[in-house]
Every structure is written in structure tokens, then in C-alpha cells.
Amino acid sequence: MKKRYLIASLLLTGFATSSYADIRVNGFASIYGGQTLGSDDALYNYSDELDWQNDSLFAVQVSADVMDGLSATAQLLARGSDDFNAEFEWAYLTYEVSENSQLSAGKMRIPFYRYSDFLDVGYAYRWVRPPQSVYNLSFSTYEGLSYLHNSTIGELDSSLQLMVGAVDTDITAVTYSDAAELKDTIGINWSLSNGWLTGRVAYFISEATIDVSGSNELTGLFNGLQAYGLNEQYSNLAIEEDDAYFAAIGIGIDYNDILFDAEYTQFEIDNSILAKQTQYYVSLGYRMDSVTLSATYEGNDDENSNDQFNQVPRSITGPGGVQIPVVAPGTNPPLYLQDATNLALASQAAKSNAYSFTVRYDFHPSAAFKVEFTHFEDDLSNNDADLVTFGVDLVF
Amino acid sequence: MKNLIILTLVLFTSCSLSAAVDVIVHPSNANAIDAGDIKKIFTGKAKSFADGSKALPITQADGNPVTDEFNQNVLSKSSSQLKAYWSKLVFTGKGTPPEEAANDAEVVSLVSKNPNLIGFVSKGSADGSVKVVQSF
């Protein structure tokens, strides 16, 4: 039925404008089970009990050619981690400005990473999940504009994307759900490829505001600082219209069935309690017909810089030259806000690394089976965890 | 020994089969089209012929042997790799895979009626209503 319809619309192409919108329906799904191997170990929301929801998802995409060069696309995605409640992950209009460029408007993916655009389409990559040390931001879409220009520079294929827009959503910052707003986000995402070698750079700037009122400790600290009139110190911690940047470089190789991927990312929100974050991974793979083997090493290192510490005075000068200690009211022994601030800054530090082995088996032209083993080490707490995940990705 | 001969025959046959794809266009299409152009058109990287007219590729159903031969010989991709390639574009609004015809006869019939189409068929399937531009 669908095929007949497509053929009919194909026959109409080339004649005067068809009055029927060409509607395409595509979809993808992943069903994964996983569990950690040590008792009480937890990793990527898995525990030592077999779970079938975390990485399972189901998506349907409908796209329609509205008129010459203009199309509308919506992707409805149901995640197992969200009890399979379906939400619009993408919803946008695209206008073909020329043969090589298109302008899109709506809700789209922020191209932070090389695999951002198809993060949810497990079939499109060889891991069960892209390396989580790097792919760790808890939000991935924005509302705004995106301009894409594909061209050839000498022998190289160039793909340049410019985006502008905003993010207004709950993210994981100091608690698991903090209201965040990224205003005036501007970004560039550029990749060059000669067929087997791809290089990519991306850079984004934004103005970030994150409400940390979900944390009682931080709320108490912020109120304390303001009560002592330490407004500069307060604003150096609070995340209120602070400048933020995100930078990424990446490389990909697909040569004679040898696969190599590496990415390095860094981001920071200036004058905020949140640490500067750096992440990286390298992954080597080998494809043998329908089986692909991969080994991946990844790590991250988050830290506030030294000059952010000890900025809160231990005492301030009151009326008549009296020295007033800057302490949390009612604490005995007194809790100096300097110590509390230093502690809050230090608590943002994170350092971990992980390695994974993945087997992908393309058992059907539209479906792949994958099994992945991950060993994770938290370098600060010296905790580690082993996780096995297995399942199927398909596209239709 | 007999097994070896049969094996050789089988291998030979499959080799000769894998060199049997004709790429066809409408007879009025006068563009010079080389292997690189075909690869670009069938991977969505080029959307027009050399003269600027629109190029619309048609592929064949997944299970057809000629589809595998074309994907392997011209696009240098297995059908899984090609599927992964297109899923990266489809689900990001960056491209649409070629429309799919059921068999050689349908490709010939469609191409013979539309100067913008370009398709591939098994060697010998093309008739006078279309023009063979490359063979692989």
C-alpha cells in the first residue's frame, strides 16, 4: 500500500506541482536489558537487578512535503526510562534554500557531539550507548533555528551547521532536576570528510541561568552570603545569566573495516558554582562482515579552579570597626561561610574513567543485536562497577 | 577434487554475477555520468545532473540480489551499513533515501517515463526505452 503510494507520487514528480503532500513515516526502536555484576553496584541507572527500561525506546517520525522545498517533520519518542510516555523529541519545519543548504525552525537536537543528531538511533552506531563520560549532558534539544550548508572543498565533503536558539528545561545540575534556561545560544558545528576520515569541531556560547533552590544546602549558603552583604561572592556562585561555553573536537575513521572514533569536549559556566568539565573517549573497532567489535576508553575530569576558593572572608568589618565573623547563624562550633563555600565548590569535582567492549551483530538488514560490557571507576570515591547490557536496535 | 571444481565454478559464477549491474537513465538524458556521480546521487550528496536538471535515484527492494551488488560495487557499503548511513540522515532531517522499486521491470518502466530518474537493473533487463550509462 505504502509502496504503491510512493510509486504514484514518484510518477507525479517532474510534472507540475503535485497537490498531494508526500508523507513519509519512519521509525526506530531499541529494546535493552542490563544489570550490574556486583551486588549493590549501580551504573547508568542500572542496578544488580535485571532492568529492561533504561535504554529501551520506541520512536515514530512523520515527515511531509508541505510545498515546494518546504517540509514538516515530527518525531515522537517514548523512552523506557520515562515509563514509555511519548513526547515530541523533534518538531520542525525545513526549507530547502538551495540544493546544498537548508534552514530549519522548531525543536531540534543541539549538535554538541558527533553522534548528537542520532543519539537515540542505536542502529546508527556500534555501541549500546555512546560513551557516557562525554555524552553526559542531561538535555539535548533546543528551540530555534538551524542552517545547514553542505559543500565540496577540493576532495573534501564539508557540512557546516549554524544554530541559534534557547533551551528552557529541567536538567541535572546540582540536583537531579533543576530548572534551567540557556538564553541566546549560538553555535557552529563543522565537519570535513574525505570519505574514510572525518574531522569535526563545534563551539557554542550561551547565557545560563539555573535555579538551585532544589538544594537546601546551597539555598542556605546563598541566603547567608546575601545576609552578610557579600553580593559579589554570592553572584560568583549563583548561576544567573552567566556566560557559558561548550567546545568539542572529534575525529572518525572508517578505513578497510577498521573503525576509530575520538572526541574531546569541554564546557564551563563562568562565575558559577558548577565546575569546569572536560571529557574524552577513544574507541577502536573492527568490522567483519556482519559482526563489529569495539573497545572504548573514556574519562572525565570536573574541577573548579583554585582561584574560586577562599573568596569569602572569615569576618567583615561592622559599624564602629567591630569585626563580625561570617558564620552560619546558630551553628556551634561556628560554621564559617568560607568553609561552607569551599566545600560546595569542592563537591562539584568529579573524576572517573571507564572502558567498554561491544559486539554488534547485524542479523537483519534493519536490525542489530548488541552486547556491551562496561567497567567503570570513580577515581574520587574509589568505587567501581561492572555492567552488562544487551539488546536489539532496529529501524523501519 | 570434484568438490573443488564445483566450488571454483560456484565462486566463478558469483563473481560474474557481481559484475552485472547496469545503471540506466531516460534516453533523453545526455549527461555524462561516471561512477562518482552515481555514488553521489545515490547517497544524497548530489541532487542534480551535470546540466542542472533534477536527479532522482530509484533503488530496488532490499532482498533483490541486484540491490546488494549495486550497494557493494558502486556504493562500497553492505546493506546494513547503507541502512545505518540513511538512518543518520532520515532521523535528523538531513536527507531522504531513494524511493524503492520492486524489481528490474518496474525500474525500467519508471525510468522510461521520467527524464529525472536514474536507476539500476540486472544486466540484460534494460530495453530500448532506457539508456545504459554505466555497467558494474
# chains A, B, ... in the order shown; residues from 1 in each chain; ligands from 1

$ residues_around --residues "Ala30 in chain B" --least-positions-apart "5" --cutoff "10 Å" --atoms "only C-alpha atoms" --output "list in words"
Val25, Phe49, Ala50, Asp51, Pro115, Lys131 and Val133 of chain B

$ write_last_selection --atoms "N, CA, C and O atoms" --output "PDB file, in the first residue's frame"
ATOM      1  N   VAL B  25      19.216   5.527 -17.390  1.00  0.00           N
ATOM      2  CA  VAL B  25      18.508   6.816 -17.336  1.00  0.00           C
ATOM      3  C   VAL B  25      17.568   6.894 -18.533  1.00  0.00           C
ATOM      4  O   VAL B  25      17.565   6.018 -19.409  1.00  0.00           O
ATOM      5  N   PHE B  49      21.853  16.465 -12.125  1.00  0.00           N
ATOM      6  CA  PHE B  49      22.798  16.025 -13.152  1.00  0.00           C
ATOM      7  C   PHE B  49      23.673  17.209 -13.552  1.00  0.00           C
ATOM      8  O   PHE B  49      23.422  18.356 -13.142  1.00  0.00           O
ATOM      9  N   ALA B  50      24.692  16.917 -14.391  1.00  0.00           N
ATOM     10  CA  ALA B  50      25.647  17.952 -14.783  1.00  0.00           C
ATOM     11  C   ALA B  50      24.958  19.157 -15.427  1.00  0.00           C
ATOM     12  O   ALA B  50      25.385  20.302 -15.245  1.00  0.00           O
ATOM     13  N   ASP B  51      23.866  18.929 -16.148  1.00  0.00           N
ATOM     14  CA  ASP B  51      23.195  20.051 -16.826  1.00  0.00           C
ATOM     15  C   ASP B  51      22.255  20.826 -15.897  1.00  0.00           C
ATOM     16  O   ASP B  51      21.559  21.737 -16.319  1.00  0.00           O
ATOM     17  N   PRO B 115      12.528  11.764 -17.270  1.00  0.00           N
ATOM     18  CA  PRO B 115      13.921  12.130 -17.559  1.00  0.00           C
ATOM     19  C   PRO B 115      14.743  12.443 -16.317  1.00  0.00           C
ATOM     20  O   PRO B 115      15.971  12.513 -16.398  1.00  0.00           O
ATOM     21  N   LYS B 131      18.335   4.189 -21.333  1.00  0.00           N
ATOM     22  CA  LYS B 131      19.716   4.244 -21.786  1.00  0.00           C
ATOM     23  C   LYS B 131      20.651   3.774 -20.672  1.00  0.00           C
ATOM     24  O   LYS B 131      20.552   4.240 -19.533  1.00  0.00           O
ATOM     25  N   VAL B 133      24.024   3.929 -18.842  1.00  0.00           N
ATOM     26  CA  VAL B 133      25.133   4.884 -18.792  1.00  0.00           C
ATOM     27  C   VAL B 133      26.409   4.293 -18.209  1.00  0.00           C
ATOM     28  O   VAL B 133      27.506   4.747 -18.515  1.00  0.00           O
TER      29      VAL B 133
END

$ interface_residues --of "chain A" --to "chain B" --cutoff "7 Å" --atoms "only C-alpha atoms" --output "list in words"
Glu99, Asp117, Phe118, Tyr123, Ala124, Asp362, Pro365 and Ser366 of chain A

$ write_last_selection --atoms "N, CA and C atoms" --output "PDB file, in the first residue's frame"
ATOM      1  N   GLU A  99      20.065  23.785  -3.397  1.00  0.00           N
ATOM      2  CA  GLU A  99      20.322  22.353  -3.448  1.00  0.00           C
ATOM      3  C   GLU A  99      21.217  21.896  -2.302  1.00  0.00           C
ATOM      4  N   ASP A 117      23.063  14.099  16.735  1.00  0.00           N
ATOM      5  CA  ASP A 117      21.885  14.130  15.877  1.00  0.00           C
ATOM      6  C   ASP A 117      21.105  12.828  15.907  1.00  0.00           C
ATOM      7  N   PHE A 118      21.810  11.709  16.063  1.00  0.00           N
ATOM      8  CA  PHE A 118      21.103  10.424  16.053  1.00  0.00           C
ATOM      9  C   PHE A 118      21.394   9.626  17.324  1.00  0.00           C
ATOM     10  N   TYR A 123      20.735   2.001  16.093  1.00  0.00           N
ATOM     11  CA  TYR A 123      21.121   1.277  14.875  1.00  0.00           C
ATOM     12  C   TYR A 123      22.239   1.997  14.127  1.00  0.00           C
ATOM     13  N   ALA A 124      22.331   3.336  14.313  1.00  0.00           N
ATOM     14  CA  ALA A 124      23.283   4.131  13.535  1.00  0.00           C
ATOM     15  C   ALA A 124      24.710   4.102  14.087  1.00  0.00           C
ATOM     16  N   ASP A 362      24.852  -7.646  12.963  1.00  0.00           N
ATOM     17  CA  ASP A 362      23.769  -7.252  12.067  1.00  0.00           C
ATOM     18  C   ASP A 362      23.083  -8.510  11.551  1.00  0.00           C
ATOM     19  N   PRO A 365      18.878  -6.862   7.774  1.00  0.00           N
ATOM     20  CA  PRO A 365      19.233  -5.568   7.181  1.00  0.00           C
ATOM     21  C   PRO A 365      18.727  -4.364   7.984  1.00  0.00           C
ATOM     22  N   SER A 366      17.733  -4.559   8.818  1.00  0.00           N
ATOM     23  CA  SER A 366      17.180  -3.434   9.575  1.00  0.00           C
ATOM     24  C   SER A 366      17.319  -3.590  11.079  1.00  0.00           C
TER      25      SER A 366
END

$ select_by_dssp --residues "chain B" --states "alpha helix (DSSP H)" --output "MDAnalysis selection string"
chainID B and resid 2:17 35:42 65:73 79:90 104:113

$ closest_residue --among "A:Ser347, A:Gln308, A:Ser98, A:Thr185" --to "Thr141 in chain A" --atoms "only C-alpha atoms"
A:Thr185

$ residues_around --residues "Asn194 in chain A" --least-positions-apart "4" --cutoff "9 Å" --atoms "only C-alpha atoms" --output "ChimeraX atom specification"
/A:155-157,198

$ write_last_selection --atoms "N, CA, C and O atoms" --output "PDB file, in the first residue's frame"
ATOM      1  N   GLU A 155      38.601  17.861  -2.529  1.00  0.00           N
ATOM      2  CA  GLU A 155      38.121  16.480  -2.484  1.00  0.00           C
ATOM      3  C   GLU A 155      37.306  16.214  -1.214  1.00  0.00           C
ATOM      4  O   GLU A 155      36.903  15.088  -0.960  1.00  0.00           O
ATOM      5  N   LEU A 156      37.130  17.253  -0.394  1.00  0.00           N
ATOM      6  CA  LEU A 156      36.516  17.040   0.914  1.00  0.00           C
ATOM      7  C   LEU A 156      35.044  17.442   0.929  1.00  0.00           C
ATOM      8  O   LEU A 156      34.667  18.450   0.334  1.00  0.00           O
ATOM      9  N   ASP A 157      34.248  16.633   1.612  1.00  0.00           N
ATOM     10  CA  ASP A 157      32.848  16.987   1.846  1.00  0.00           C
ATOM     11  C   ASP A 157      32.788  17.822   3.115  1.00  0.00           C
ATOM     12  O   ASP A 157      33.264  17.397   4.169  1.00  0.00           O
ATOM     13  N   THR A 198      37.026  11.636   8.985  1.00  0.00           N
ATOM     14  CA  THR A 198      36.150  12.772   9.266  1.00  0.00           C
ATOM     15  C   THR A 198      36.680  13.533  10.464  1.00  0.00           C
ATOM     16  O   THR A 198      37.043  12.936  11.483  1.00  0.00           O
TER      17      THR A 198
END

$ closest_residue --among "A:Leu162, A:Leu274, A:Ile249, A:Thr36" --to "Ile210 in chain A" --atoms "only C-alpha atoms"
A:Leu274

$ residues_around --residues "Thr175 in chain A" --least-positions-apart "2" --cutoff "9 Å" --atoms "only C-alpha atoms" --output "VMD selection string"
chain A and resid 171 to 173 177 to 178 212 214 to 215

$ write_last_selection --atoms "N, CA, C and O atoms" --output "PDB file, in the first residue's frame"
ATOM      1  N   ILE A 171      17.121  20.269  34.070  1.00  0.00           N
ATOM      2  CA  ILE A 171      18.343  19.498  33.808  1.00  0.00           C
ATOM      3  C   ILE A 171      18.914  18.975  35.116  1.00  0.00           C
ATOM      4  O   ILE A 171      18.485  19.351  36.203  1.00  0.00           O
ATOM      5  N   THR A 172      19.906  18.106  34.982  1.00  0.00           N
ATOM      6  CA  THR A 172      20.622  17.621  36.158  1.00  0.00           C
ATOM      7  C   THR A 172      21.847  18.511  36.346  1.00  0.00           C
ATOM      8  O   THR A 172      22.793  18.450  35.562  1.00  0.00           O
ATOM      9  N   ALA A 173      21.805  19.389  37.361  1.00  0.00           N
ATOM     10  CA  ALA A 173      22.964  20.262  37.619  1.00  0.00           C
ATOM     11  C   ALA A 173      23.442  20.026  39.046  1.00  0.00           C
ATOM     12  O   ALA A 173      24.405  19.311  39.275  1.00  0.00           O
ATOM     13  N   SER A 177      16.970  17.434  39.171  1.00  0.00           N
ATOM     14  CA  SER A 177      16.060  18.206  38.350  1.00  0.00           C
ATOM     15  C   SER A 177      16.085  19.670  38.776  1.00  0.00           C
ATOM     16  O   SER A 177      15.514  20.037  39.806  1.00  0.00           O
ATOM     17  N   ASP A 178      16.791  20.491  38.001  1.00  0.00           N
ATOM     18  CA  ASP A 178      16.875  21.915  38.287  1.00  0.00           C
ATOM     19  C   ASP A 178      16.388  22.676  37.067  1.00  0.00           C
ATOM     20  O   ASP A 178      16.793  22.387  35.950  1.00  0.00           O
ATOM     21  N   VAL A 212      18.909  26.726  41.667  1.00  0.00           N
ATOM     22  CA  VAL A 212      19.433  25.654  42.517  1.00  0.00           C
ATOM     23  C   VAL A 212      18.613  25.507  43.802  1.00  0.00           C
ATOM     24  O   VAL A 212      19.074  24.910  44.779  1.00  0.00           O
ATOM     25  N   GLY A 214      16.475  23.633  44.567  1.00  0.00           N
ATOM     26  CA  GLY A 214      16.241  22.239  44.934  1.00  0.00           C
ATOM     27  C   GLY A 214      17.244  21.732  45.967  1.00  0.00           C
ATOM     28  O   GLY A 214      17.050  20.704  46.600  1.00  0.00           O
ATOM     29  N   SER A 215      18.350  22.476  46.125  1.00  0.00           N
ATOM     30  CA  SER A 215      19.366  22.074  47.099  1.00  0.00           C
ATOM     31  C   SER A 215      19.245  22.952  48.343  1.00  0.00           C
ATOM     32  O   SER A 215      19.493  24.158  48.298  1.00  0.00           O
TER      33      SER A 215
END

$ atom_distance --atom1 "CA of Gly299 in chain A" --atom2 "CA of Arg129 in chain A"
14.9 Å

$ residues_around --residues "Val359 in chain A" --least-positions-apart "6" --cutoff "8 Å" --atoms "only C-alpha atoms" --output "PyMOL selection string"
chain A and resi 126-127+291-294+370-372

$ residues_around --residues "Val21 in chain B" --least-positions-apart "6" --cutoff "8 Å" --atoms "only C-alpha atoms" --output "VMD selection string"
chain B and resid 66 69 to 70 120 to 123 135 to 136

$ write_last_selection --atoms "N, CA, C and O atoms" --output "PDB file, in the first residue's frame"
ATOM      1  N   VAL B  66      20.418  -7.834  -7.073  1.00  0.00           N
ATOM      2  CA  VAL B  66      20.995  -6.707  -7.801  1.00  0.00           C
ATOM      3  C   VAL B  66      21.199  -5.513  -6.871  1.00  0.00           C
ATOM      4  O   VAL B  66      22.141  -4.728  -7.026  1.00  0.00           O
ATOM      5  N   GLU B  69      24.419  -6.132  -5.042  1.00  0.00           N
ATOM      6  CA  GLU B  69      25.560  -5.924  -5.943  1.00  0.00           C
ATOM      7  C   GLU B  69      25.823  -4.448  -6.148  1.00  0.00           C
ATOM      8  O   GLU B  69      26.966  -3.987  -6.095  1.00  0.00           O
ATOM      9  N   PHE B  70      24.759  -3.683  -6.367  1.00  0.00           N
ATOM     10  CA  PHE B  70      24.910  -2.244  -6.579  1.00  0.00           C
ATOM     11  C   PHE B  70      25.492  -1.589  -5.326  1.00  0.00           C
ATOM     12  O   PHE B  70      26.453  -0.823  -5.398  1.00  0.00           O
ATOM     13  N   PHE B 120      19.032   1.367 -11.349  1.00  0.00           N
ATOM     14  CA  PHE B 120      19.932   0.277 -11.738  1.00  0.00           C
ATOM     15  C   PHE B 120      19.139  -1.008 -11.895  1.00  0.00           C
ATOM     16  O   PHE B 120      18.124  -1.206 -11.212  1.00  0.00           O
ATOM     17  N   VAL B 121      19.587  -1.852 -12.841  1.00  0.00           N
ATOM     18  CA  VAL B 121      18.905  -3.129 -13.097  1.00  0.00           C
ATOM     19  C   VAL B 121      19.953  -4.204 -13.366  1.00  0.00           C
ATOM     20  O   VAL B 121      21.114  -3.897 -13.640  1.00  0.00           O
ATOM     21  N   SER B 122      19.552  -5.460 -13.295  1.00  0.00           N
ATOM     22  CA  SER B 122      20.446  -6.557 -13.656  1.00  0.00           C
ATOM     23  C   SER B 122      20.771  -6.453 -15.140  1.00  0.00           C
ATOM     24  O   SER B 122      19.936  -6.010 -15.929  1.00  0.00           O
ATOM     25  N   LYS B 123      21.993  -6.873 -15.472  1.00  0.00           N
ATOM     26  CA  LYS B 123      22.419  -6.802 -16.871  1.00  0.00           C
ATOM     27  C   LYS B 123      21.419  -7.561 -17.742  1.00  0.00           C
ATOM     28  O   LYS B 123      20.967  -8.640 -17.388  1.00  0.00           O
ATOM     29  N   SER B 135      28.097   0.324 -16.490  1.00  0.00           N
ATOM     30  CA  SER B 135      27.903  -1.056 -16.062  1.00  0.00           C
ATOM     31  C   SER B 135      28.935  -1.391 -14.991  1.00  0.00           C
ATOM     32  O   SER B 135      30.083  -0.930 -15.071  1.00  0.00           O
ATOM     33  N   PHE B 136      28.525  -2.155 -14.007  1.00  0.00           N
ATOM     34  CA  PHE B 136      29.461  -2.507 -12.922  1.00  0.00           C
ATOM     35  C   PHE B 136      29.522  -4.020 -12.747  1.00  0.00           C
ATOM     36  O   PHE B 136      28.513  -4.699 -12.913  1.00  0.00           O
TER      37      PHE B 136
END

$ decode --residues "range 298-396 of chain A" --atoms "C-alpha atoms" --output "PDB file, in the first residue's frame"
ATOM      1  CA  GLU A 298      36.594   7.141  28.238  1.00  0.00           C
ATOM      2  CA  GLY A 299      37.067   9.551  31.094  1.00  0.00           C
ATOM      3  CA  ASN A 300      36.025  12.851  32.608  1.00  0.00           C
ATOM      4  CA  ASP A 301      37.553  15.401  34.923  1.00  0.00           C
ATOM      5  CA  ASP A 302      35.454  18.153  36.516  1.00  0.00           C
ATOM      6  CA  GLU A 303      37.038  20.714  38.806  1.00  0.00           C
ATOM      7  CA  ASN A 304      36.603  24.287  39.999  1.00  0.00           C
ATOM      8  CA  SER A 305      39.753  26.376  39.589  1.00  0.00           C
ATOM      9  CA  ASN A 306      41.844  27.276  42.638  1.00  0.00           C
ATOM     10  CA  ASP A 307      41.149  30.987  42.396  1.00  0.00           C
ATOM     11  CA  GLN A 308      37.468  30.355  43.121  1.00  0.00           C
ATOM     12  CA  PHE A 309      38.286  29.132  46.621  1.00  0.00           C
ATOM     13  CA  ASN A 310      38.735  31.311  49.748  1.00  0.00           C
ATOM     14  CA  GLN A 311      36.905  34.264  48.192  1.00  0.00           C
ATOM     15  CA  VAL A 312      34.503  34.553  51.133  1.00  0.00           C
ATOM     16  CA  PRO A 313      36.045  36.497  54.051  1.00  0.00           C
ATOM     17  CA  ARG A 314      36.060  34.926  57.531  1.00  0.00           C
ATOM     18  CA  SER A 315      34.905  38.219  59.008  1.00  0.00           C
ATOM     19  CA  ILE A 316      33.635  41.589  57.890  1.00  0.00           C
ATOM     20  CA  THR A 317      34.004  44.993  59.489  1.00  0.00           C
ATOM     21  CA  GLY A 318      30.802  46.216  61.098  1.00  0.00           C
ATOM     22  CA  PRO A 319      29.785  49.648  62.443  1.00  0.00           C
ATOM     23  CA  GLY A 320      32.431  51.183  64.691  1.00  0.00           C
ATOM     24  CA  GLY A 321      35.165  48.897  63.320  1.00  0.00           C
ATOM     25  CA  VAL A 322      33.772  45.801  65.007  1.00  0.00           C
ATOM     26  CA  GLN A 323      34.856  42.529  63.358  1.00  0.00           C
ATOM     27  CA  ILE A 324      31.856  40.306  62.671  1.00  0.00           C
ATOM     28  CA  PRO A 325      32.586  36.655  61.917  1.00  0.00           C
ATOM     29  CA  VAL A 326      30.921  35.396  58.734  1.00  0.00           C
ATOM     30  CA  VAL A 327      29.284  32.254  60.031  1.00  0.00           C
ATOM     31  CA  ALA A 328      26.068  30.389  59.549  1.00  0.00           C
ATOM     32  CA  PRO A 329      23.647  31.597  62.223  1.00  0.00           C
ATOM     33  CA  GLY A 330      23.054  29.292  65.152  1.00  0.00           C
ATOM     34  CA  THR A 331      25.968  26.972  64.452  1.00  0.00           C
ATOM     35  CA  ASN A 332      28.162  25.831  67.298  1.00  0.00           C
ATOM     36  CA  PRO A 333      31.025  25.327  66.724  1.00  0.00           C
ATOM     37  CA  PRO A 334      30.565  28.138  64.180  1.00  0.00           C
ATOM     38  CA  LEU A 335      30.385  27.093  60.547  1.00  0.00           C
ATOM     39  CA  TYR A 336      32.295  29.715  58.596  1.00  0.00           C
ATOM     40  CA  LEU A 337      30.649  30.514  55.255  1.00  0.00           C
ATOM     41  CA  GLN A 338      34.145  30.473  53.749  1.00  0.00           C
ATOM     42  CA  ASP A 339      34.468  26.825  54.683  1.00  0.00           C
ATOM     43  CA  ALA A 340      30.942  26.060  53.534  1.00  0.00           C
ATOM     44  CA  THR A 341      31.608  27.777  50.183  1.00  0.00           C
ATOM     45  CA  ASN A 342      34.899  25.962  49.694  1.00  0.00           C
ATOM     46  CA  LEU A 343      33.151  22.706  50.465  1.00  0.00           C
ATOM     47  CA  ALA A 344      30.385  23.442  47.963  1.00  0.00           C
ATOM     48  CA  LEU A 345      32.957  24.298  45.278  1.00  0.00           C
ATOM     49  CA  ALA A 346      34.974  21.172  46.010  1.00  0.00           C
ATOM     50  CA  SER A 347      31.874  18.968  45.952  1.00  0.00           C
ATOM     51  CA  GLN A 348      31.468  19.725  42.242  1.00  0.00           C
ATOM     52  CA  ALA A 349      34.658  17.834  41.431  1.00  0.00           C
ATOM     53  CA  ALA A 350      34.301  14.554  39.573  1.00  0.00           C
ATOM     54  CA  LYS A 351      36.847  12.237  38.059  1.00  0.00           C
ATOM     55  CA  SER A 352      36.084   8.889  36.527  1.00  0.00           C
ATOM     56  CA  ASN A 353      37.047   6.588  33.722  1.00  0.00           C
ATOM     57  CA  ALA A 354      35.526   3.570  32.068  1.00  0.00           C
ATOM     58  CA  TYR A 355      36.291   1.006  29.444  1.00  0.00           C
ATOM     59  CA  SER A 356      33.829  -0.989  27.382  1.00  0.00           C
ATOM     60  CA  PHE A 357      33.788  -3.866  24.951  1.00  0.00           C
ATOM     61  CA  THR A 358      30.949  -4.121  22.470  1.00  0.00           C
ATOM     62  CA  VAL A 359      29.874  -6.755  19.975  1.00  0.00           C
ATOM     63  CA  ARG A 360      27.397  -5.709  17.300  1.00  0.00           C
ATOM     64  CA  TYR A 361      25.817  -8.348  15.086  1.00  0.00           C
ATOM     65  CA  ASP A 362      23.769  -7.252  12.067  1.00  0.00           C
ATOM     66  CA  PHE A 363      21.445 -10.231  11.921  1.00  0.00           C
ATOM     67  CA  HIS A 364      18.935  -8.492   9.642  1.00  0.00           C
ATOM     68  CA  PRO A 365      19.233  -5.568   7.181  1.00  0.00           C
ATOM     69  CA  SER A 366      17.180  -3.434   9.575  1.00  0.00           C
ATOM     70  CA  ALA A 367      18.146  -4.807  12.945  1.00  0.00           C
ATOM     71  CA  ALA A 368      21.262  -5.321  15.019  1.00  0.00           C
ATOM     72  CA  PHE A 369      21.941  -7.253  18.212  1.00  0.00           C
ATOM     73  CA  LYS A 370      24.448  -5.745  20.616  1.00  0.00           C
ATOM     74  CA  VAL A 371      26.064  -6.798  23.839  1.00  0.00           C
ATOM     75  CA  GLU A 372      28.299  -4.468  25.831  1.00  0.00           C
ATOM     76  CA  PHE A 373      30.445  -4.877  28.925  1.00  0.00           C
ATOM     77  CA  THR A 374      31.451  -1.723  30.814  1.00  0.00           C
ATOM     78  CA  HIS A 375      33.885  -1.361  33.681  1.00  0.00           C
ATOM     79  CA  PHE A 376      33.540   1.988  35.441  1.00  0.00           C
ATOM     80  CA  GLU A 377      35.871   3.522  38.024  1.00  0.00           C
ATOM     81  CA  ASP A 378      35.160   6.590  40.128  1.00  0.00           C
ATOM     82  CA  ASP A 379      38.625   7.968  40.878  1.00  0.00           C
ATOM     83  CA  LEU A 380      37.467  10.179  43.767  1.00  0.00           C
ATOM     84  CA  SER A 381      35.445   7.671  45.750  1.00  0.00           C
ATOM     85  CA  ASN A 382      37.427   4.662  44.509  1.00  0.00           C
ATOM     86  CA  ASN A 383      34.160   2.903  43.723  1.00  0.00           C
ATOM     87  CA  ASP A 384      33.872   0.774  40.638  1.00  0.00           C
ATOM     88  CA  ALA A 385      31.099  -1.086  38.844  1.00  0.00           C
ATOM     89  CA  ASP A 386      30.716  -3.618  36.062  1.00  0.00           C
ATOM     90  CA  LEU A 387      27.702  -3.519  33.782  1.00  0.00           C
ATOM     91  CA  VAL A 388      26.438  -5.834  31.059  1.00  0.00           C
ATOM     92  CA  THR A 389      23.821  -4.569  28.601  1.00  0.00           C
ATOM     93  CA  PHE A 390      22.355  -6.491  25.665  1.00  0.00           C
ATOM     94  CA  GLY A 391      19.555  -5.934  23.218  1.00  0.00           C
ATOM     95  CA  VAL A 392      18.358  -5.079  19.761  1.00  0.00           C
ATOM     96  CA  ASP A 393      18.252  -1.844  17.749  1.00  0.00           C
ATOM     97  CA  LEU A 394      16.062  -1.578  14.702  1.00  0.00           C
ATOM     98  CA  VAL A 395      14.968   0.968  12.111  1.00  0.00           C
ATOM     99  CA  PHE A 396      11.870   0.872   9.962  1.00  0.00           C
TER     100      PHE A 396
END
